[in-house]
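*Asks:* Input file: final_30.pdb. Contents: PDB, C-alpha atoms.
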```
ATOM      1  CA  MET A1069       9.857 -27.544   9.115
ATOM      2  CA  THR A1070       7.473 -25.364  11.131
ATOM      3  CA  ALA A1071       5.800 -27.272  13.956
ATOM      4  CA  PRO A1072       2.052 -26.853  14.657
ATOM      5  CA  GLY A1073       1.098 -23.886  16.808
ATOM      6  CA  LEU A1074       3.857 -21.604  15.580
ATOM      7  CA  PRO A1075       4.370 -18.778  15.886
ATOM      8  CA  MET A1076       3.161 -18.920  19.478
ATOM      9  CA  ALA A1077       0.806 -16.025  20.145
ATOM     10  CA  VAL A1078       2.038 -13.788  22.975
ATOM     11  CA  PRO A1079      -0.245 -10.718  23.158
ATOM     12  CA  SER A1080       0.993  -7.367  24.419
ATOM     13  CA  ARG A1081      -1.113  -4.844  26.309
ATOM     14  CA  ASP A1082       0.269  -1.893  24.363
ATOM     15  CA  LEU A1083      -0.848  -3.219  20.970
ATOM     16  CA  PRO A1084      -4.199  -3.239  19.139
ATOM     17  CA  THR A1085      -6.189  -6.463  19.091
ATOM     18  CA  ARG A1086      -6.946  -6.204  15.373
ATOM     19  CA  VAL A1087      -5.128  -4.682  12.385
ATOM     20  CA  ARG A1088      -6.511  -3.986   8.922
ATOM     21  CA  ILE A1089      -4.038  -4.798   6.189
ATOM     22  CA  HIS A1090      -4.338  -2.587   3.110
ATOM     23  CA  GLU A1091      -3.075  -4.908   0.371
ATOM     24  CA  VAL A1092      -1.189  -3.082  -2.391
ATOM     25  CA  GLY A1093       0.413  -5.956  -4.325
ATOM     26  CA  ALA A1094      -1.957  -5.874  -7.275
ATOM     27  CA  ARG A1095      -1.320  -2.158  -7.832
ATOM     28  CA  ASP A1096       1.859  -0.916  -6.178
ATOM     29  CA  GLY A1097       3.487  -4.305  -6.656
ATOM     30  CA  LEU A1098       2.659  -4.953 -10.285
ATOM     31  CA  GLN A1099       3.187  -1.359 -11.458
ATOM     32  CA  ASN A1100       6.891  -1.796 -10.798
ATOM     33  CA  GLU A1101       7.235  -4.950 -12.917
ATOM     34  CA  LYS A1102       9.274  -4.624 -16.106
ATOM     35  CA  ALA A1103       6.989  -7.049 -17.911
ATOM     36  CA  THR A1104       3.274  -6.408 -18.292
ATOM     37  CA  VAL A1105       1.177  -8.974 -16.452
ATOM     38  CA  PRO A1106      -1.891 -10.182 -18.409
ATOM     39  CA  THR A1107      -5.201  -8.728 -17.270
ATOM     40  CA  GLU A1108      -6.642 -12.161 -16.514
ATOM     41  CA  VAL A1109      -3.674 -12.975 -14.258
ATOM     42  CA  LYS A1110      -4.138  -9.704 -12.360
ATOM     43  CA  ALA A1111      -7.826 -10.491 -11.859
ATOM     44  CA  GLU A1112      -7.014 -13.984 -10.618
ATOM     45  CA  PHE A1113      -4.403 -12.537  -8.252
ATOM     46  CA  ILE A1114      -6.983 -10.175  -6.728
ATOM     47  CA  ARG A1115      -9.544 -12.965  -6.400
ATOM     48  CA  ARG A1116      -7.029 -15.220  -4.662
ATOM     49  CA  LEU A1117      -6.076 -12.411  -2.288
ATOM     50  CA  ALA A1118      -9.744 -11.938  -1.404
ATOM     51  CA  ASP A1119     -10.123 -15.663  -0.898
ATOM     52  CA  ALA A1120      -7.194 -15.529   1.553
ATOM     53  CA  GLY A1121      -9.156 -13.101   3.724
ATOM     54  CA  LEU A1122      -7.854  -9.695   2.692
ATOM     55  CA  THR A1123     -10.658  -7.139   2.939
ATOM     56  CA  THR A1124      -8.961  -4.153   1.281
ATOM     57  CA  ILE A1125      -7.190  -4.859  -2.008
ATOM     58  CA  GLU A1126      -5.916  -1.972  -4.096
ATOM     59  CA  ALA A1127      -6.921  -3.041  -7.590
ATOM     60  CA  THR A1128      -5.329  -0.712 -10.145
ATOM     61  CA  SER A1129      -4.563   2.869 -11.108
ATOM     62  CA  PHE A1130      -6.464   5.121 -13.503
ATOM     63  CA  VAL A1131      -3.431   7.053 -14.680
ATOM     64  CA  HIS A1132      -2.342   7.824 -18.231
ATOM     65  CA  PRO A1133      -0.930   4.645 -19.846
ATOM     66  CA  GLU A1134       2.337   6.417 -20.627
ATOM     67  CA  TRP A1135       2.913   7.015 -16.904
ATOM     68  CA  VAL A1136       2.405   3.437 -15.774
ATOM     69  CA  PRO A1137       2.044   1.149 -18.811
ATOM     70  CA  GLN A1138       1.815  -1.928 -16.555
ATOM     71  CA  LEU A1139      -1.609  -0.705 -15.386
ATOM     72  CA  ALA A1140      -2.933   0.525 -18.736
ATOM     73  CA  ASP A1141      -5.694  -2.116 -18.582
ATOM     74  CA  ALA A1142      -7.604  -0.529 -15.670
ATOM     75  CA  GLU A1143     -10.857  -0.337 -17.669
ATOM     76  CA  GLN A1144     -10.595  -4.006 -18.591
ATOM     77  CA  LEU A1145      -9.488  -5.231 -15.153
ATOM     78  CA  PHE A1146     -11.871  -3.509 -12.771
ATOM     79  CA  PRO A1147     -15.082  -5.089 -14.173
ATOM     80  CA  LEU A1148     -13.474  -8.532 -13.772
ATOM     81  CA  VAL A1149     -13.240  -8.102  -9.993
ATOM     82  CA  SER A1150     -15.957  -5.576  -9.148
ATOM     83  CA  ASP A1151     -18.328  -8.332  -8.011
ATOM     84  CA  LEU A1152     -16.077  -9.108  -5.038
ATOM     85  CA  THR A1153     -17.422  -8.059  -1.639
ATOM     86  CA  VAL A1154     -14.065  -6.620  -0.516
ATOM     87  CA  ALA A1155     -13.002  -2.969  -0.751
ATOM     88  CA  LEU A1156     -11.238  -2.290  -4.067
ATOM     89  CA  PRO A1157      -9.596   1.151  -3.923
ATOM     90  CA  VAL A1158      -8.009   2.556  -7.090
ATOM     91  CA  LEU A1159      -5.551   5.387  -7.645
ATOM     92  CA  VAL A1160      -6.708   8.498  -9.506
ATOM     93  CA  PRO A1161      -4.208  11.275 -10.334
ATOM     94  CA  ASN A1162      -6.701  13.871 -11.526
ATOM     95  CA  GLU A1163     -10.353  14.520 -12.410
ATOM     96  CA  ARG A1164     -10.100  12.564 -15.640
ATOM     97  CA  GLY A1165      -8.850   9.520 -13.752
ATOM     98  CA  LEU A1166     -11.630   9.948 -11.203
ATOM     99  CA  ASN A1167     -14.254  10.091 -13.959
ATOM    100  CA  ARG A1168     -12.914   6.859 -15.454
ATOM    101  CA  ALA A1169     -13.028   5.145 -12.070
ATOM    102  CA  LEU A1170     -16.521   6.383 -11.187
ATOM    103  CA  ALA A1171     -17.844   5.268 -14.571
ATOM    104  CA  LEU A1172     -16.900   1.700 -13.631
ATOM    105  CA  GLY A1173     -18.491   1.889 -10.197
ATOM    106  CA  ALA A1174     -15.409   2.430  -8.022
ATOM    107  CA  ARG A1175     -16.376   3.446  -4.488
ATOM    108  CA  ARG A1176     -12.914   3.961  -3.006
ATOM    109  CA  VAL A1177     -10.213   6.083  -4.612
ATOM    110  CA  ALA A1178      -6.780   7.382  -3.649
ATOM    111  CA  VAL A1179      -4.713  10.421  -4.571
ATOM    112  CA  PHE A1180      -0.928  10.485  -4.211
ATOM    113  CA  ALA A1181       0.901  13.516  -2.878
ATOM    114  CA  SER A1182       4.485  14.162  -1.832
ATOM    115  CA  ALA A1183       6.013  15.620   1.307
ATOM    116  CA  THR A1184       8.944  16.960  -0.720
ATOM    117  CA  GLU A1185       9.321  19.283  -3.665
ATOM    118  CA  SER A1186      11.825  17.035  -5.460
ATOM    119  CA  PHE A1187       9.567  14.017  -5.508
ATOM    120  CA  ALA A1188       6.497  16.080  -6.395
ATOM    121  CA  LYS A1189       8.432  17.298  -9.425
ATOM    122  CA  ALA A1190       9.649  13.801 -10.384
ATOM    123  CA  ASN A1191       6.318  12.066  -9.810
ATOM    124  CA  LEU A1192       3.755  14.694 -10.818
ATOM    125  CA  ASN A1193       5.803  17.415 -12.542
ATOM    126  CA  ARG A1194       4.370  19.907 -10.055
ATOM    127  CA  THR A1195       5.319  21.638  -6.832
ATOM    128  CA  VAL A1196       3.803  20.289  -3.610
ATOM    129  CA  ASP A1197       1.266  23.136  -3.532
ATOM    130  CA  GLU A1198       0.399  22.700  -7.222
ATOM    131  CA  ALA A1199      -0.200  18.995  -6.659
ATOM    132  CA  LEU A1200      -2.465  19.697  -3.703
ATOM    133  CA  ALA A1201      -4.395  22.213  -5.806
ATOM    134  CA  MET A1202      -4.822  19.538  -8.490
ATOM    135  CA  PHE A1203      -6.176  17.058  -5.946
ATOM    136  CA  GLU A1204      -8.656  19.432  -4.315
ATOM    137  CA  PRO A1205     -11.385  19.186  -6.995
ATOM    138  CA  VAL A1206     -10.759  15.440  -7.264
ATOM    139  CA  VAL A1207     -11.355  14.920  -3.550
ATOM    140  CA  SER A1208     -14.295  17.332  -3.527
ATOM    141  CA  ARG A1209     -15.992  15.549  -6.424
ATOM    142  CA  ALA A1210     -15.361  12.125  -4.899
ATOM    143  CA  LYS A1211     -16.844  13.173  -1.565
ATOM    144  CA  SER A1212     -19.891  14.634  -3.328
ATOM    145  CA  GLU A1213     -20.409  11.136  -4.772
ATOM    146  CA  ASP A1214     -20.005   9.598  -1.286
ATOM    147  CA  VAL A1215     -16.774   7.901  -2.364
ATOM    148  CA  HIS A1216     -14.101   7.081   0.209
ATOM    149  CA  VAL A1217     -10.814   8.916  -0.404
ATOM    150  CA  ARG A1218      -7.357   7.871   0.736
ATOM    151  CA  GLY A1219      -4.421  10.238   0.518
ATOM    152  CA  TYR A1220      -0.996   8.745  -0.087
ATOM    153  CA  LEU A1221       1.907  10.840   1.121
ATOM    154  CA  SER A1222       5.308   9.833  -0.246
ATOM    155  CA  MET A1223       8.761  10.620   1.176
ATOM    156  CA  CYS A1224       7.582  11.071   4.756
ATOM    157  CA  PHE A1225      10.872   9.850   6.222
ATOM    158  CA  GLY A1226      13.505  10.681   3.641
ATOM    159  CA  ASP A1227      13.993  11.779   0.048
ATOM    160  CA  PRO A1228      16.698  10.535  -2.377
ATOM    161  CA  TRP A1229      17.397  14.089  -3.566
ATOM    162  CA  GLU A1230      16.761  16.160  -0.430
ATOM    163  CA  GLY A1231      17.832  13.743   2.280
ATOM    164  CA  ALA A1232      16.131  14.099   5.677
ATOM    165  CA  VAL A1233      12.590  15.470   5.543
ATOM    166  CA  PRO A1234      11.634  17.813   8.410
ATOM    167  CA  ILE A1235       8.737  16.428  10.436
ATOM    168  CA  PRO A1236       6.789  19.761  10.398
ATOM    169  CA  GLN A1237       6.910  19.647   6.592
ATOM    170  CA  VAL A1238       5.230  16.220   6.594
ATOM    171  CA  VAL A1239       2.643  17.336   9.150
ATOM    172  CA  LYS A1240       1.766  20.371   7.009
ATOM    173  CA  VAL A1241       0.964  18.274   3.930
ATOM    174  CA  CYS A1242      -0.943  15.710   6.018
ATOM    175  CA  LYS A1243      -3.121  18.475   7.425
ATOM    176  CA  ALA A1244      -3.740  19.872   3.935
ATOM    177  CA  LEU A1245      -4.908  16.468   2.652
ATOM    178  CA  LEU A1246      -7.242  15.966   5.599
ATOM    179  CA  ASP A1247      -8.564  19.516   5.359
ATOM    180  CA  MET A1248      -9.506  18.991   1.707
ATOM    181  CA  GLY A1249     -11.576  15.947   2.698
ATOM    182  CA  CYS A1250      -9.411  12.802   2.615
ATOM    183  CA  ASP A1251     -10.867  10.111   4.866
ATOM    184  CA  GLU A1252      -7.519   8.497   5.619
ATOM    185  CA  LEU A1253      -3.825   9.027   4.991
ATOM    186  CA  SER A1254      -1.047   6.572   4.238
ATOM    187  CA  LEU A1255       2.368   7.679   5.492
ATOM    188  CA  GLY A1256       4.892   6.420   2.964
ATOM    189  CA  ASP A1257       8.504   5.516   3.650
ATOM    190  CA  THR A1258       9.110   5.459  -0.088
ATOM    191  CA  ILE A1259      12.835   4.678  -0.005
ATOM    192  CA  GLY A1260      12.782   2.608   3.173
ATOM    193  CA  VAL A1261      15.014   4.820   5.332
ATOM    194  CA  ALA A1262      12.750   5.175   8.380
ATOM    195  CA  THR A1263      13.735   3.842  11.788
ATOM    196  CA  PRO A1264      11.409   3.244  14.773
ATOM    197  CA  GLY A1265      12.318   6.420  16.650
ATOM    198  CA  HIS A1266      11.557   8.511  13.578
ATOM    199  CA  VAL A1267       8.194   6.766  13.202
ATOM    200  CA  VAL A1268       7.292   7.500  16.835
ATOM    201  CA  ALA A1269       8.348  11.146  16.485
ATOM    202  CA  LEU A1270       6.266  11.713  13.332
ATOM    203  CA  LEU A1271       3.172  10.070  14.815
ATOM    204  CA  ALA A1272       3.553  12.149  17.984
ATOM    205  CA  ALA A1273       3.812  15.339  15.924
ATOM    206  CA  LEU A1274       0.719  14.417  13.914
ATOM    207  CA  ASP A1275      -1.195  13.671  17.110
ATOM    208  CA  GLU A1276      -0.146  17.017  18.578
ATOM    209  CA  ALA A1277      -1.353  18.721  15.384
ATOM    210  CA  GLY A1278      -4.790  17.179  15.816
ATOM    211  CA  VAL A1279      -4.495  14.424  13.208
ATOM    212  CA  PRO A1280      -6.386  11.386  14.576
ATOM    213  CA  LEU A1281      -4.441   8.118  14.606
ATOM    214  CA  SER A1282      -7.604   6.406  13.359
ATOM    215  CA  ALA A1283      -7.145   8.274  10.070
ATOM    216  CA  LEU A1284      -3.566   7.055   9.556
ATOM    217  CA  GLY A1285      -2.036   4.044   7.883
ATOM    218  CA  VAL A1286       1.650   3.286   7.439
ATOM    219  CA  HIS A1287       3.408   2.169   4.262
ATOM    220  CA  PHE A1288       6.948   0.912   4.801
ATOM    221  CA  HIS A1289       9.511  -0.341   2.315
ATOM    222  CA  ASP A1290      12.091  -2.862   3.474
ATOM    223  CA  THR A1291      15.137  -1.351   1.750
ATOM    224  CA  TYR A1292      17.219  -1.424   4.947
ATOM    225  CA  GLY A1293      15.374  -4.266   6.667
ATOM    226  CA  GLN A1294      13.427  -1.906   8.948
ATOM    227  CA  ALA A1295       9.843  -2.391   7.752
ATOM    228  CA  LEU A1296       8.656  -4.771  10.489
ATOM    229  CA  ALA A1297      10.415  -2.812  13.244
ATOM    230  CA  ASN A1298       8.844   0.401  11.980
ATOM    231  CA  THR A1299       5.433  -1.254  11.776
ATOM    232  CA  LEU A1300       5.683  -2.458  15.358
ATOM    233  CA  ALA A1301       6.609   1.060  16.487
ATOM    234  CA  ALA A1302       3.535   2.442  14.696
ATOM    235  CA  LEU A1303       1.279  -0.205  16.253
ATOM    236  CA  GLN A1304       2.597   0.684  19.703
ATOM    237  CA  GLN A1305       1.481   4.269  19.056
ATOM    238  CA  GLY A1306      -2.043   3.122  18.170
ATOM    239  CA  VAL A1307      -2.000   2.833  14.366
ATOM    240  CA  THR A1308      -4.241  -0.023  13.173
ATOM    241  CA  THR A1309      -3.940   0.167   9.368
ATOM    242  CA  VAL A1310      -0.818  -1.183   7.677
ATOM    243  CA  ASP A1311      -0.068  -1.291   3.960
ATOM    244  CA  ALA A1312       1.644  -4.432   2.682
ATOM    245  CA  SER A1313       2.229  -6.238  -0.578
ATOM    246  CA  ALA A1314       1.657  -9.959  -1.097
ATOM    247  CA  GLY A1315       4.977 -11.665  -1.668
ATOM    248  CA  GLY A1316       6.853  -8.395  -1.098
ATOM    249  CA  LEU A1317       6.160  -7.149  -4.632
ATOM    250  CA  GLY A1318       6.738  -3.548  -5.546
ATOM    251  CA  GLY A1319       8.826  -0.449  -5.213
ATOM    252  CA  CYS A1320       8.529   2.921  -6.870
ATOM    253  CA  PRO A1321       9.281   3.627 -10.547
ATOM    254  CA  TYR A1322      10.104   7.265  -9.777
ATOM    255  CA  ALA A1323      12.573   6.551  -6.942
ATOM    256  CA  LYS A1324      15.265   4.123  -8.055
ATOM    257  CA  SER A1325      16.443   3.447  -4.493
ATOM    258  CA  ALA A1326      12.988   2.222  -3.460
ATOM    259  CA  THR A1327      12.943  -1.543  -3.168
ATOM    260  CA  GLY A1328      10.109  -3.845  -2.278
ATOM    261  CA  ASN A1329       7.212  -3.171   0.021
ATOM    262  CA  LEU A1330       6.747  -4.911   3.340
ATOM    263  CA  ALA A1331       5.607  -8.435   2.472
ATOM    264  CA  THR A1332       2.068  -9.175   3.631
ATOM    265  CA  GLU A1333       3.054 -12.679   4.739
ATOM    266  CA  ASP A1334       5.919 -11.407   6.908
ATOM    267  CA  LEU A1335       3.533  -8.902   8.481
ATOM    268  CA  VAL A1336       0.854 -11.535   9.135
ATOM    269  CA  TRP A1337       3.436 -13.863  10.729
ATOM    270  CA  MET A1338       4.528 -11.105  13.132
ATOM    271  CA  LEU A1339       0.968 -10.065  13.936
ATOM    272  CA  ARG A1340      -0.055 -13.659  14.557
ATOM    273  CA  GLY A1341       2.812 -14.012  17.019
ATOM    274  CA  LEU A1342       1.621 -10.869  18.796
ATOM    275  CA  GLY A1343      -1.911 -12.245  19.089
ATOM    276  CA  ILE A1344      -3.291  -9.588  16.721
ATOM    277  CA  ASP A1345      -6.210 -10.600  14.515
ATOM    278  CA  THR A1346      -6.088  -9.880  10.779
ATOM    279  CA  GLY A1347      -8.704 -12.301   9.456
ATOM    280  CA  ILE A1348      -6.165 -13.639   6.952
ATOM    281  CA  ASP A1349      -5.530 -17.293   6.149
ATOM    282  CA  LEU A1350      -1.731 -17.368   5.983
ATOM    283  CA  GLY A1351      -1.594 -20.680   4.135
ATOM    284  CA  ARG A1352      -3.832 -19.414   1.341
ATOM    285  CA  LEU A1353      -1.920 -16.154   1.174
ATOM    286  CA  VAL A1354       1.425 -17.947   0.846
ATOM    287  CA  ALA A1355      -0.047 -20.169  -1.873
ATOM    288  CA  THR A1356      -1.262 -17.061  -3.707
ATOM    289  CA  SER A1357       2.125 -15.354  -3.579
ATOM    290  CA  THR A1358       3.883 -18.555  -4.630
ATOM    291  CA  TRP A1359       1.516 -18.778  -7.612
ATOM    292  CA  MET A1360       2.135 -15.120  -8.501
ATOM    293  CA  ALA A1361       5.894 -15.595  -8.260
ATOM    294  CA  THR A1362       5.549 -18.397 -10.795
ATOM    295  CA  GLN A1363       3.633 -16.067 -13.121
ATOM    296  CA  LEU A1364       6.445 -13.516 -12.806
ATOM    297  CA  GLY A1365       9.159 -16.119 -13.297
ATOM    298  CA  ARG A1366      11.086 -15.505 -10.099
ATOM    299  CA  PRO A1367      10.933 -16.452  -6.400
ATOM    300  CA  SER A1368       9.146 -14.265  -3.889
ATOM    301  CA  PRO A1369      11.400 -12.039  -1.761
ATOM    302  CA  SER A1370       9.162 -12.645   1.275
ATOM    303  CA  ARG A1371      10.987 -14.586   3.986
ATOM    304  CA  THR A1372       7.744 -16.143   5.199
ATOM    305  CA  VAL A1373       6.693 -17.209   1.711
ATOM    306  CA  ARG A1374      10.084 -18.826   1.182
ATOM    307  CA  ALA A1375      10.016 -20.581   4.554
ATOM    308  CA  LEU A1376       6.471 -21.925   4.281
ATOM    309  CA  SER A1377       6.563 -22.793   0.578
ATOM    310  CA  HIS A1378       9.842 -24.654   1.164
ATOM    311  CA  GLU A1379       8.114 -26.541   3.965
ATOM    312  CA  ASP A1380       5.309 -27.528   1.576
ATOM    313  CA  THR A1381       7.884 -28.740  -0.946
ATOM    314  CA  GLU A1382       9.635 -30.803   1.703
ATOM    315  CA  GLU A1383       6.348 -32.367   2.826
ATOM    316  CA  HIS A1384       5.392 -33.332  -0.709
TER     317      HIS A1384
END
```
Using structure tokens, write down the structure from this file.
*Replies:*
Amino acid sequence: MTAPGLPMAVPSRDLPTRVRIHEVGARDGLQNEKATVPTEVKAEFIRRLADAGLTTIEATSFVHPEWVPQLADAEQLFPLVSDLTVALPVLVPNERGLNRALALGARRVAVFASATESFAKANLNRTVDEALAMFEPVVSRAKSEDVHVRGYLSMCFGDPWEGAVPIPQVVKVCKALLDMGCDELSLGDTIGVATPGHVVALLAALDEAGVPLSALGVHFHDTYGQALANTLAALQQGVTTVDASAGGLGGCPYAKSATGNLATEDLVWMLRGLGIDTGIDLGRLVATSTWMATQLGRPSPSRTVRALSHEDTEEH
């Protein structure tokens, strides 16, 4: 049983005082589910996440239903949550997806690029340069509508087909996304192979190339148990935006070795212990992930969810 006042907050001078968590469970998490989650359950999930204090909740993806059938209900879902006062970014793969999102009033969108040719081919059936060319009019149109644009960059730390990914290669694609107008970038460790030294080296290279840390977020998968260590390394370099998924949901349908995302609850527990503010009510978040796990018919992989929900069971 966890005693009151734990984890004890012990701030560190080399860390930010506040971190924004970019919640991806409702999109990146649910898109990897074998079963399709009902639209009403997705909407309730997003509402509960907002109620727990999350201010950025990725809602859905406006891709072709054949690509990601689990998110084929984007047009039905978005109006059910658009009244929320939180940021609700959505993924758009092309101009058609952007038009669908704008028609429903979306004000934050994301495009998803790759640092490697193999994954660009598997995910978008294009080369890296062809994918960037496809995104350019999407980003340009979004910016003309005063819409915030996030650029996802997959395979920043390793690729299941190509192996190690040269840091200059990642920097080049990051610069291209920023140059075309992306407001922020999310550096993805899609198959979870990053280690802290690699994270520090990539961030240093991006800084040297003139990419501001304020424009960067990190997106770690916990395949090898490194997600929290990698996050801490990024925070020590000055990154203040971290992607995470409630309950540890998610992976990547195009990379079979990609297991779950960093669990939001595990991240919040660590940040709380470091004295870093997130604005999130951990109890409500755990309750939300426990509820969602029930909807999915399996326990949450999050260590913190398991520990705190077990505590609740013991108390009752």
*Asks:* For atom CA of A:Thr1299 and atom CA of A:Val1092, determine how far apart the two atoms are, in Å to one decimal place.
*Replies:*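 Rounded to one decimal, the two atoms are 15.7 Å apart.
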*Asks:* Dump as a Markdown table the rows for residues of stretch 1290-1316 of chain A within 6 Å of stretch 1324-1344 of chain A: closest atom pair and distance in Å with one decimal, all atoms listed in the file counted, ordered by chain and rising residue number.
*Replies:*
```
| residue | atom | partner | partner_atom | distance |
| --- | --- | --- | --- | --- |
| A:Asp1290 | CA | A:Leu1330 | CA | 5.7 |
| A:Thr1291 | CA | A:Thr1327 | CA | 5.4 |
| A:Ala1295 | CA | A:Leu1330 | CA | 5.9 |
| A:Ala1312 | CA | A:Thr1332 | CA | 4.9 |
| A:Ser1313 | CA | A:Ala1331 | CA | 5.1 |
| A:Ala1314 | CA | A:Thr1332 | CA | 4.8 |
| A:Gly1315 | CA | A:Ala1331 | CA | 5.3 |
| A:Gly1316 | CA | A:Ala1331 | CA | 3.8 |
```
*Asks:* Running the PyMOL selection byres ((chain A and resi 1220) around 6) on this model by hand, what would come out? Give it as JSON, numbers by chain.
*Replies:* {"A": [1180, 1181, 1219, 1221, 1253, 1254]}
*Asks:* Write out as JSON, numbers by chain which residues come within 7 Å of A:Asp1311 when counting only C-alpha atoms, dropping same-chain ones fewer than 6 positions away.
*Replies:* {"A": [1089, 1090, 1091, 1092, 1285, 1286, 1287]}
*Asks:* Could you pull out every residue with an atom within 9 Å of (0.5, -19.7, 13.1), file coordinates, counting all atoms listed in the file, and send them as a ChimeraX atom specification?
*Replies:* /A:1072-1077,1337,1340-1341,1350
*Asks:* Would you work out the distance separating atom CA of A:Leu1274 from atom CA of A:Val1239, expressed in Å to one decimal?
*Replies:* 5.9 Å
*Asks:* Run the PyMOL selection byres ((chain A and resi 1364) around 10) against the file shown and list the residues it catches, as a PDB file with C-alpha atoms, in the coordinates of the input.
*Replies:*
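Printed below is out_11.pdb as written:
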```pdb
ATOM      1  CA  LEU A1098       2.659  -4.953 -10.285  1.00  0.00           C
ATOM      2  CA  GLU A1101       7.235  -4.950 -12.917  1.00  0.00           C
ATOM      3  CA  LYS A1102       9.274  -4.624 -16.106  1.00  0.00           C
ATOM      4  CA  ALA A1103       6.989  -7.049 -17.911  1.00  0.00           C
ATOM      5  CA  THR A1104       3.274  -6.408 -18.292  1.00  0.00           C
ATOM      6  CA  VAL A1105       1.177  -8.974 -16.452  1.00  0.00           C
ATOM      7  CA  THR A1358       3.883 -18.555  -4.630  1.00  0.00           C
ATOM      8  CA  TRP A1359       1.516 -18.778  -7.612  1.00  0.00           C
ATOM      9  CA  MET A1360       2.135 -15.120  -8.501  1.00  0.00           C
ATOM     10  CA  ALA A1361       5.894 -15.595  -8.260  1.00  0.00           C
ATOM     11  CA  THR A1362       5.549 -18.397 -10.795  1.00  0.00           C
ATOM     12  CA  GLN A1363       3.633 -16.067 -13.121  1.00  0.00           C
ATOM     13  CA  GLY A1365       9.159 -16.119 -13.297  1.00  0.00           C
ATOM     14  CA  ARG A1366      11.086 -15.505 -10.099  1.00  0.00           C
ATOM     15  CA  PRO A1367      10.933 -16.452  -6.400  1.00  0.00           C
ATOM     16  CA  SER A1368       9.146 -14.265  -3.889  1.00  0.00           C
TER      17      SER A1368
END
```
*Asks:* Could you tell me which residues the PyMOL selection byres ((chain A and resi 1111-1113) around 10) grabs in this file, written as a PDB file with C-alpha atoms, in the frame of the given file?
*Replies:*
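This is the output file result04.pdb:
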```
ATOM      1  CA  GLY A1093       0.413  -5.956  -4.325  1.00  0.00           C
ATOM      2  CA  ALA A1094      -1.957  -5.874  -7.275  1.00  0.00           C
ATOM      3  CA  PRO A1106      -1.891 -10.182 -18.409  1.00  0.00           C
ATOM      4  CA  THR A1107      -5.201  -8.728 -17.270  1.00  0.00           C
ATOM      5  CA  GLU A1108      -6.642 -12.161 -16.514  1.00  0.00           C
ATOM      6  CA  VAL A1109      -3.674 -12.975 -14.258  1.00  0.00           C
ATOM      7  CA  LYS A1110      -4.138  -9.704 -12.360  1.00  0.00           C
ATOM      8  CA  ILE A1114      -6.983 -10.175  -6.728  1.00  0.00           C
ATOM      9  CA  ARG A1115      -9.544 -12.965  -6.400  1.00  0.00           C
ATOM     10  CA  ARG A1116      -7.029 -15.220  -4.662  1.00  0.00           C
ATOM     11  CA  LEU A1117      -6.076 -12.411  -2.288  1.00  0.00           C
ATOM     12  CA  ALA A1118      -9.744 -11.938  -1.404  1.00  0.00           C
ATOM     13  CA  ASP A1119     -10.123 -15.663  -0.898  1.00  0.00           C
ATOM     14  CA  ALA A1127      -6.921  -3.041  -7.590  1.00  0.00           C
ATOM     15  CA  GLN A1144     -10.595  -4.006 -18.591  1.00  0.00           C
ATOM     16  CA  LEU A1145      -9.488  -5.231 -15.153  1.00  0.00           C
ATOM     17  CA  PHE A1146     -11.871  -3.509 -12.771  1.00  0.00           C
ATOM     18  CA  PRO A1147     -15.082  -5.089 -14.173  1.00  0.00           C
ATOM     19  CA  LEU A1148     -13.474  -8.532 -13.772  1.00  0.00           C
ATOM     20  CA  VAL A1149     -13.240  -8.102  -9.993  1.00  0.00           C
ATOM     21  CA  SER A1150     -15.957  -5.576  -9.148  1.00  0.00           C
ATOM     22  CA  ALA A1314       1.657  -9.959  -1.097  1.00  0.00           C
ATOM     23  CA  THR A1356      -1.262 -17.061  -3.707  1.00  0.00           C
ATOM     24  CA  SER A1357       2.125 -15.354  -3.579  1.00  0.00           C
ATOM     25  CA  TRP A1359       1.516 -18.778  -7.612  1.00  0.00           C
ATOM     26  CA  MET A1360       2.135 -15.120  -8.501  1.00  0.00           C
TER      27      MET A1360
END
```
*Asks:* Do a neighbour search on stretch 1199-1209 of chain A at 7 Å with only C-alpha atoms, toss out local chain neighbours closer than 5 positions, and write the hits as a list in words.
*Replies:*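 The residues that qualify are Asn1162, Glu1163, Leu1166, Val1179, Ala1181, Arg1194, Val1217, Met1248, Gly1249 and Cys1250 of chain A.
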*Asks:* Please report the interatomic distance between atom CA of A:Thr1263 and atom CA of A:Ala1302 in Å with one decimal.
*Replies:* 10.7 Å
*Asks:* Quick one: of A:Leu1300, A:Ala1355, A:Val1131, A:Ala1188, who's nearest to A:Asp1227, counting all atoms listed in the file?
*Replies:* A:Ala1188
*Asks:* Please write out, as JSON, where the centre of an axis-aligned box around all listed atoms of stretch 1111-1117 of chain A lies and how long its edges are, in Å to one decimal, after adding 6 Å on each side.
*Replies:*
```
{"center_x": -7.0, "center_y": -12.7, "center_z": -7.1, "size_x": 17.1, "size_y": 17.0, "size_z": 21.6}
```
*Asks:* Which one of A:Leu1192, A:Val1177, A:Ala1171, A:Val1261 sits closest to A:Val1158 if you count all atoms listed in the file?
*Replies:*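 For A:Val1158, the nearest of the given residues is A:Val1177.
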